[in-house]
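Pasting query.txt here (compact mmCIF, C-alpha atoms):
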# COMPACT_ATOMS: atom_id res chain seq x y z
CA MET A 27 108.39 -11.56 233.00
CA PRO A 28 108.01 -8.74 235.56
CA LEU A 29 104.75 -6.79 235.37
CA SER A 30 106.63 -3.48 235.01
CA ILE A 31 108.28 -4.67 231.76
CA ILE A 32 104.93 -5.80 230.36
CA LEU A 33 103.23 -2.52 231.22
CA ASN A 34 106.16 -0.51 229.85
CA GLN A 35 105.95 -2.27 226.47
CA ILE A 36 102.16 -1.88 226.32
CA VAL A 37 102.49 1.85 227.04
CA ILE A 38 105.12 2.26 224.30
CA LEU A 39 102.95 0.47 221.74
CA SER A 40 99.86 2.42 222.85
CA ILE A 41 101.71 5.73 222.38
CA LEU A 42 102.58 4.68 218.81
CA VAL A 43 98.91 3.84 218.14
CA ILE A 44 97.89 7.26 219.48
CA ILE A 45 100.46 8.89 217.18
CA GLY A 46 98.77 7.07 214.28
CA VAL A 47 95.37 8.43 215.36
CA ILE A 48 96.74 11.99 215.69
CA ALA A 49 98.53 11.81 212.33
CA SER A 50 95.29 10.66 210.69
CA LYS A 51 93.25 13.42 212.34
CA ALA A 52 95.83 15.98 211.17
CA LYS A 53 95.52 14.50 207.62
CA VAL A 54 99.19 13.59 207.58
CA ILE A 55 97.91 10.07 206.92
CA THR A 56 94.93 10.02 204.54
CA PRO A 57 92.85 6.98 203.46
CA VAL A 58 95.08 6.74 200.37
CA THR A 59 98.37 6.91 202.30
CA LYS A 60 96.93 4.44 204.84
CA GLU A 61 96.73 1.83 202.10
CA LEU A 62 100.24 2.73 200.95
CA LEU A 63 101.46 2.34 204.53
CA ALA A 64 99.92 -1.15 204.71
CA LYS A 65 101.64 -2.12 201.45
CA LEU A 66 104.96 -0.71 202.69
CA ILE A 67 104.73 -2.76 205.88
CA PHE A 68 103.56 -5.98 204.21
CA ASN A 69 105.95 -5.87 201.23
CA VAL A 70 109.06 -4.11 202.60
CA THR A 71 109.61 -3.74 206.34
CA LEU A 72 107.95 -6.99 207.48
CA PRO A 73 109.79 -9.35 205.09
CA SER A 74 113.05 -7.52 205.90
CA MET A 75 112.48 -8.19 209.61
CA LEU A 76 111.42 -11.81 209.08
CA LEU A 77 114.38 -12.68 206.86
CA THR A 78 117.12 -11.05 208.93
CA ASN A 79 115.82 -12.20 212.32
CA PHE A 80 116.80 -15.80 211.58
CA SER A 81 120.43 -14.74 211.04
CA ARG A 82 120.56 -13.12 214.49
CA ILE A 83 119.94 -16.45 216.27
CA ASP A 84 122.38 -19.32 216.68
CA LEU A 85 120.94 -22.78 216.07
CA THR A 86 120.83 -24.98 219.17
CA PRO A 87 119.17 -28.39 219.73
CA ARG A 88 116.61 -26.71 222.02
CA LEU A 89 115.68 -24.08 219.43
CA LEU A 90 115.43 -26.70 216.66
CA SER A 91 113.15 -28.84 218.82
CA ASN A 92 111.02 -25.81 219.71
CA CYS A 93 110.64 -24.84 216.02
CA PHE A 94 109.19 -28.22 215.13
CA GLN A 95 107.02 -28.10 218.26
CA ILE A 96 105.54 -24.77 217.27
CA LEU A 97 104.86 -25.95 213.69
CA LEU A 98 102.67 -28.74 215.06
CA LEU A 99 101.16 -26.78 217.94
CA SER A 100 100.36 -23.74 215.76
CA THR A 101 98.27 -25.94 213.49
CA MET A 102 96.44 -27.46 216.46
CA VAL A 103 95.81 -24.06 218.08
CA LEU A 104 94.50 -22.45 214.87
CA LEU A 105 92.18 -25.37 214.09
CA PHE A 106 90.90 -25.31 217.68
CA MET A 107 90.12 -21.60 217.29
CA LEU A 108 88.25 -22.34 214.06
CA LEU A 109 86.25 -25.04 215.87
CA ALA A 110 85.42 -22.60 218.69
CA GLY A 111 84.18 -20.09 216.10
CA TRP A 112 82.09 -22.74 214.34
CA LEU A 113 80.44 -23.85 217.60
CA THR A 114 79.73 -20.27 218.71
CA ALA A 115 78.26 -19.32 215.32
CA ARG A 116 75.96 -22.38 215.54
CA ILE A 117 74.84 -21.47 219.06
CA MET A 118 74.12 -17.88 217.98
CA GLN A 119 72.30 -19.17 214.86
CA LEU A 120 74.08 -16.71 212.58
CA LYS A 121 73.13 -16.59 208.89
CA GLU A 122 75.60 -18.31 206.59
CA GLY A 123 77.39 -15.19 205.28
CA ALA A 124 77.93 -13.71 208.75
CA ALA A 125 78.66 -17.17 210.19
CA SER A 126 81.45 -17.87 207.67
CA ILE A 127 83.18 -14.56 208.47
CA PHE A 128 82.69 -15.26 212.19
CA ARG A 129 84.40 -18.66 211.81
CA VAL A 130 87.37 -17.35 209.83
CA HIS A 131 87.96 -14.37 212.13
CA SER A 132 87.79 -16.75 215.10
CA MET A 133 90.80 -18.55 213.64
CA LEU A 134 92.82 -15.71 212.10
CA GLY A 135 94.15 -12.84 214.21
CA ASN A 136 96.27 -9.75 213.65
CA ILE A 137 99.47 -11.72 214.16
CA ILE A 138 101.48 -9.63 211.69
CA TYR A 139 100.74 -5.94 212.31
CA LEU A 140 100.18 -6.34 216.06
CA GLY A 141 101.31 -9.82 217.08
CA LEU A 142 104.91 -9.66 215.87
CA PRO A 143 105.64 -6.19 217.31
CA VAL A 144 104.27 -7.22 220.72
CA ILE A 145 106.12 -10.56 220.72
CA SER A 146 109.34 -8.94 219.51
CA ALA A 147 109.16 -6.35 222.28
CA LEU A 148 108.40 -8.90 224.99
CA PHE A 149 110.29 -12.04 223.99
CA GLY A 150 113.08 -10.80 221.72
CA LYS A 151 114.64 -12.63 218.79
CA GLU A 152 113.68 -16.12 219.96
CA GLY A 153 110.03 -15.14 220.39
CA LEU A 154 110.10 -13.52 216.96
CA LEU A 155 111.38 -16.80 215.50
CA TYR A 156 108.41 -18.72 216.96
CA GLY A 157 105.99 -15.97 215.95
CA SER A 158 107.25 -16.15 212.35
CA ILE A 159 106.57 -19.89 212.19
CA PHE A 160 103.05 -19.28 213.54
CA ILE A 161 102.51 -16.79 210.69
CA LEU A 162 103.66 -19.37 208.13
CA VAL A 163 101.08 -21.90 209.40
CA SER A 164 98.40 -19.18 209.58
CA ASN A 165 99.03 -18.17 205.94
CA LEU A 166 98.72 -21.78 204.80
CA LEU A 167 95.41 -22.21 206.64
CA MET A 168 94.09 -18.79 205.60
CA TRP A 169 94.18 -19.51 201.85
CA THR A 170 93.03 -23.14 202.16
CA VAL A 171 90.80 -23.80 205.17
CA GLY A 172 89.87 -20.08 205.41
CA VAL A 173 88.70 -19.94 201.78
CA ALA A 174 86.74 -23.17 202.26
CA ALA A 175 85.05 -21.74 205.37
CA ILE A 176 83.87 -18.64 203.48
CA ARG A 177 83.09 -20.21 200.11
CA ALA A 178 82.53 -23.93 200.33
CA GLU A 179 82.10 -24.32 196.58
CA GLY A 180 85.36 -22.55 195.78
CA ASN A 181 88.50 -24.43 194.74
CA ILE A 182 90.74 -23.96 197.75
CA PHE A 183 93.71 -25.48 195.92
CA SER A 184 93.44 -23.22 192.89
CA VAL A 185 96.64 -21.73 191.49
CA LYS A 186 95.45 -18.27 192.57
CA ASN A 187 95.06 -19.29 196.22
CA LEU A 188 98.32 -21.21 196.25
CA MET A 189 100.10 -18.15 194.86
CA ARG A 190 98.65 -16.07 197.71
CA ILE A 191 100.27 -18.49 200.17
CA LEU A 192 103.62 -17.88 198.47
CA ASN A 193 103.70 -14.15 199.21
CA ILE A 194 106.88 -12.26 200.01
CA ASN A 195 106.50 -12.85 203.76
CA THR A 196 106.12 -16.62 203.60
CA ILE A 197 109.04 -16.72 201.15
CA SER A 198 111.11 -14.66 203.63
CA ILE A 199 110.18 -17.01 206.49
CA ILE A 200 110.95 -20.17 204.51
CA THR A 201 114.25 -18.74 203.17
CA GLY A 202 115.32 -17.51 206.59
CA PHE A 203 114.35 -20.79 208.25
CA ILE A 204 116.33 -22.85 205.72
CA LEU A 205 119.39 -20.63 206.26
CA PHE A 206 118.84 -20.98 210.02
CA LEU A 207 118.71 -24.79 209.81
CA PHE A 208 122.01 -24.87 207.93
CA SER A 209 123.59 -22.20 210.21
CA VAL A 210 124.13 -19.86 207.25
CA LYS A 211 124.43 -16.22 208.32
CA LEU A 212 123.58 -13.29 206.06
CA PRO A 213 126.50 -10.88 205.35
CA LYS A 214 126.86 -8.01 207.82
CA ILE A 215 126.06 -5.41 205.16
CA VAL A 216 122.73 -7.18 204.47
CA LEU A 217 121.94 -7.42 208.17
CA ASP A 218 122.76 -3.74 208.71
CA SER A 219 120.63 -2.56 205.76
CA LEU A 220 117.66 -4.95 205.68
CA GLY A 221 117.82 -5.48 209.44
CA GLY A 222 117.67 -1.73 210.04
CA LEU A 223 114.73 -1.47 207.65
CA GLY A 224 112.98 -4.35 209.41
CA GLY A 225 113.58 -2.61 212.73
CA THR A 226 111.07 0.07 211.70
CA ASN A 227 108.29 -2.52 211.32
CA THR A 228 107.03 -2.29 214.90
CA PHE A 229 106.71 1.50 214.77
CA LEU A 230 105.02 1.58 211.36
CA SER A 231 102.67 -1.28 212.28
CA MET A 232 101.45 0.46 215.44
CA ILE A 233 100.92 3.73 213.56
CA TYR A 234 98.93 1.75 210.98
CA ILE A 235 96.71 0.26 213.72
CA GLY A 236 96.03 3.85 214.86
CA THR A 237 94.93 4.85 211.35
CA VAL A 238 92.62 1.81 211.10
CA LEU A 239 90.92 2.84 214.34
CA TYR A 240 90.60 6.47 213.24
CA TYR A 241 89.04 5.82 209.82
CA ALA A 242 86.58 3.15 211.01
CA ASN A 243 82.81 3.87 211.07
CA VAL A 244 82.40 3.51 214.83
CA ARG A 245 78.63 3.89 215.22
CA LYS A 246 77.78 1.23 212.65
CA MET A 247 80.29 -1.23 214.05
CA VAL A 248 79.46 -1.20 217.76
CA ASN A 249 75.78 -2.13 217.23
CA ASN A 250 76.50 -5.68 216.02
CA ARG A 251 76.10 -8.19 218.88
CA ALA A 252 78.01 -10.93 217.05
CA VAL A 253 81.05 -8.65 216.78
CA TRP A 254 81.24 -8.31 220.57
CA VAL A 255 80.77 -12.05 221.13
CA LEU A 256 83.53 -12.78 218.62
CA SER A 257 85.88 -10.26 220.26
CA ILE A 258 85.39 -11.61 223.81
CA ASN A 259 85.69 -15.14 222.48
CA ARG A 260 89.03 -14.71 220.70
CA LEU A 261 90.57 -12.10 223.01
CA LEU A 262 89.86 -13.78 226.36
CA ILE A 263 87.90 -17.06 226.43
CA VAL A 264 89.77 -19.06 223.77
CA PRO A 265 93.30 -17.92 224.87
CA ALA A 266 92.33 -18.83 228.46
CA LEU A 267 91.26 -22.31 227.31
CA ILE A 268 94.47 -22.77 225.31
CA LEU A 269 96.61 -21.65 228.25
CA GLY A 270 94.64 -23.98 230.56
CA VAL A 271 95.30 -26.96 228.29
CA PHE A 272 99.03 -26.17 228.15
CA LEU A 273 99.20 -25.72 231.94
CA LEU A 274 97.49 -29.10 232.44
CA PHE A 275 99.81 -30.76 229.91
CA ASN A 276 102.92 -29.27 231.54
CA SER A 277 101.78 -30.38 234.99
CA ILE A 278 101.46 -33.98 233.71
CA PHE A 279 104.52 -33.89 231.42
CA PRO A 280 106.77 -31.16 232.88
CA GLY A 281 109.34 -29.61 230.58
CA VAL A 282 108.09 -31.24 227.36
CA ILE A 283 106.87 -27.93 225.88
CA ASP A 284 109.09 -24.88 226.34
CA ARG A 285 107.42 -22.05 228.29
CA GLU A 286 108.41 -19.47 225.67
CA VAL A 287 106.77 -21.57 222.96
CA ILE A 288 103.55 -21.62 225.01
CA SER A 289 103.79 -17.88 225.67
CA VAL A 290 104.09 -17.06 221.95
CA LEU A 291 101.24 -19.43 221.01
CA VAL A 292 98.91 -17.93 223.63
CA MET A 293 99.85 -14.36 222.67
CA GLN A 294 99.26 -14.99 218.96
CA ALA A 295 95.92 -16.64 219.80
CA ALA A 296 94.92 -13.56 221.83
CA MET A 297 95.45 -11.04 219.03
CA PRO A 298 92.47 -9.09 217.62
CA CYS A 299 90.89 -10.06 214.28
CA MET A 300 93.13 -10.14 211.20
CA VAL A 301 93.06 -7.08 208.93
CA ASN A 302 93.82 -9.14 205.81
CA VAL A 303 90.60 -11.14 206.24
CA VAL A 304 88.71 -7.97 205.22
CA ILE A 305 90.56 -8.09 201.89
CA MET A 306 89.99 -11.84 201.50
CA VAL A 307 86.24 -11.50 202.24
CA ASN A 308 85.98 -8.73 199.64
CA ILE A 309 87.77 -10.86 197.04
CA LEU A 310 85.39 -13.77 197.71
CA GLY A 311 82.31 -11.57 197.32
CA GLU A 312 81.06 -11.45 200.93
CA ASP A 313 80.16 -8.44 203.12
CA ASP A 314 83.46 -6.86 204.14
CA GLY A 315 81.58 -4.40 206.42
CA VAL A 316 81.07 -7.19 208.98
CA ALA A 317 84.73 -8.18 208.76
CA THR A 318 85.81 -4.53 209.22
CA ALA A 319 83.60 -4.25 212.31
CA ASN A 320 85.27 -7.37 213.74
CA VAL A 321 88.70 -5.79 213.24
CA PHE A 322 87.71 -2.45 214.76
CA VAL A 323 85.97 -3.69 217.93
CA SER A 324 88.48 -6.47 218.67
CA THR A 325 91.46 -4.12 218.14
CA LEU A 326 89.97 -1.55 220.47
CA LEU A 327 89.22 -4.14 223.17
CA SER A 328 92.68 -5.71 222.82
CA ILE A 329 94.19 -2.61 224.43
CA LEU A 330 92.52 -3.83 227.64
CA THR A 331 92.72 -7.61 227.15
CA LEU A 332 96.34 -8.07 226.01
CA PRO A 333 97.80 -6.91 229.37
CA LEU A 334 95.49 -9.41 231.11
CA VAL A 335 96.66 -12.24 228.86
CA LEU A 336 100.31 -11.23 229.35
CA MET A 337 99.89 -11.24 233.13
CA SER A 338 98.20 -14.66 233.00
CA LEU A 339 101.36 -16.09 231.40
CA SER A 340 103.03 -15.74 234.81
CA LEU A 341 101.13 -18.95 235.70
CA LEU A 342 103.65 -20.78 233.52
CA HIS A 343 106.33 -20.02 236.10
Could I get this structure in the form of structure tokens?
Amino acid sequence: MPLSIILNQIVILSILVIIGVIASKAKVITPVTKELLAKLIFNVTLPSMLLTNFSRIDLTPRLLSNCFQILLLSTMVLLFMLLAGWLTARIMQLKEGAASIFRVHSMLGNIIYLGLPVISALFGKEGLLYGSIFILVSNLLMWTVGVAAIRAEGNIFSVKNLMRILNINTISIITGFILFLFSVKLPKIVLDSLGGLGGTNTFLSMIYIGTVLYYANVRKMVNNRAVWVLSINRLLIVPALILGVFLLFNSIFPGVIDREVISVLVMQAAMPCMVNVVIMVNILGEDDGVATANVFVSTLLSILTLPLVLMSLSLLH
């Protein structure tokens, strides 16, 4: 992808983030409406986009093969990121509470509010399809492996955790994917209404990121050394390792893994820390202040690192 297109999309998304900051400073978006905005995105615009996107793509043997590839590779990538977080936390000798959050945030990134908008803008409907499957795998791991990493004594297969996996977004992905596999298209009136609603997701998500940055306690968050190590790890080092492995594999077995599949996997791996982990940590009784600091610092740094990761994908060509 030409550098000018990458930079153009980054500038557009950055402008939307700045609008979110300005709207928050002007009190158009308050802490209360910020939470309402998050609920609107998660429960309305995002599932609308996920469901209707599958109906905009025609099933081909290549796409079907790529979907099953990304199911397997997403699991491998996410578990590798968890392993990288575990090793780094051991090296830094973090205390158990901070170490557990470090591990989970090493695995789980902001693949919904930031990842999907970026991938949609850069790779279109096909990239969005692969990104949606990555989210499905991430949700499964978040409420099973993620819960185990934070609270080892907890029952990761409890009804409550399993119900969290079956949220409206995973249901939308599974429903859309099944319709996609059987080449069933949604009616035009549904595509025009829900699809139009889903089309607002990118704009609302970027504005939400701006509000998160504005309302964060900056001074408290930038003084934590582990937060910076985590951010550099998941924004640059781990994505570089993942890309390196894929480049080596493709040089030995050329054409086995589609370049767009690799691009989406690397981009999702390079996203800043997941916002929803803050909620999960709070539910499980750990310090959500550390998790919030991870989100703030990594999101801020991602403005600089994501263009670097995007440019590195040119090595695939």
Quick one: distance from CA of Gly281 (chain A) to CA of Met297 (chain A) in Å, one decimal?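 It comes out at 25.9 Å.
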Taking 5 positions as the minimum chain separation for residues in the same chain, which residues sit within 12 Å of Leu104 (chain A) when counting only C-alpha atoms? Answer as a PyMOL selection string. chain A and resi 96-99+109-111+129-135+137+160-168+171-172+260+264-265+268+291-292+294-296
Tell me, in Å to one decimal, how far CA of Leu90 (chain A) is from CA of Ile138 (chain A).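 CA of Ile138 (chain A) lies 22.6 Å from CA of Leu90 (chain A).
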Can you work out which one of A:Arg88, A:Val323, A:Ser231, A:Val173 has the shortest atom-to-atom distance to Ser126 (chain A), counting all atoms listed in the file? A:Val173
Just checking: using only C-alpha atoms, which residue out of A:Leu336, A:Ile44, A:Leu330, A:Leu230 ends up closest to Phe68 (chain A)?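 Smallest separation from Phe68 (chain A) among the options: A:Leu230.
For the choices A:Leu223, A:Val304, A:Leu262, A:Ile127, the atom-to-atom distance to Met75 (chain A) is smallest for A:Leu223 when using all atoms listed in the file.
Between Met232 (chain A) and the residues A:Val316, A:Leu140, A:Ala64, A:Ile283, the shortest atom-to-atom distance, using only C-alpha atoms, involves A:Leu140.
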Pick the closest to Ser158 (chain A) from A:Phe229, A:Phe128, A:Phe80, A:Phe208: which is it, counting all atoms listed in the file?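 Closest candidate: A:Phe80.
Distance check against Ser277 (chain A) using all atoms listed in the file: of A:Leu326, A:Val321, A:Leu334, A:Leu342, the minimum falls on A:Leu342.
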Between CA of Leu273 (chain A) and CA of Leu39 (chain A), what is the distance in Å, rounded to a tenth? 28.4 Å
Using only C-alpha atoms, which residues sit within 10 Å of Leu142 (chain A) once same-chain residues fewer than 5 positions away are excluded, as a PDB file with C-alpha atoms, in the coordinates of the input?
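Contents of the output file out_30.pdb:
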ATOM      1  CA  LEU A  72     107.950  -6.990 207.480  1.00  0.00           C
ATOM      2  CA  MET A  75     112.480  -8.190 209.610  1.00  0.00           C
ATOM      3  CA  LEU A  76     111.420 -11.810 209.080  1.00  0.00           C
ATOM      4  CA  ASN A 136      96.270  -9.750 213.650  1.00  0.00           C
ATOM      5  CA  ILE A 137      99.470 -11.720 214.160  1.00  0.00           C
ATOM      6  CA  ALA A 147     109.160  -6.350 222.280  1.00  0.00           C
ATOM      7  CA  LEU A 148     108.400  -8.900 224.990  1.00  0.00           C
ATOM      8  CA  GLY A 153     110.030 -15.140 220.390  1.00  0.00           C
ATOM      9  CA  LEU A 154     110.100 -13.520 216.960  1.00  0.00           C
ATOM     10  CA  LEU A 155     111.380 -16.800 215.500  1.00  0.00           C
ATOM     11  CA  TYR A 156     108.410 -18.720 216.960  1.00  0.00           C
ATOM     12  CA  GLY A 157     105.990 -15.970 215.950  1.00  0.00           C
ATOM     13  CA  SER A 158     107.250 -16.150 212.350  1.00  0.00           C
ATOM     14  CA  ILE A 161     102.510 -16.790 210.690  1.00  0.00           C
ATOM     15  CA  ASN A 227     108.290  -2.520 211.320  1.00  0.00           C
ATOM     16  CA  THR A 228     107.030  -2.290 214.900  1.00  0.00           C
ATOM     17  CA  SER A 231     102.670  -1.280 212.280  1.00  0.00           C
ATOM     18  CA  VAL A 290     104.090 -17.060 221.950  1.00  0.00           C
ATOM     19  CA  MET A 293      99.850 -14.360 222.670  1.00  0.00           C
ATOM     20  CA  GLN A 294      99.260 -14.990 218.960  1.00  0.00           C
TER      21      GLN A 294
END
Hey, can I get the axis-aligned box for region 270-275 of chain A? All listed atoms, 3 Å padding on each side, centre and edge lengths in Å to one decimal, as lines of an AutoDock Vina configuration file.
center_x = 97.2
center_y = -27.4
center_z = 230.3
size_x = 11.2
size_y = 12.8
size_z = 10.3
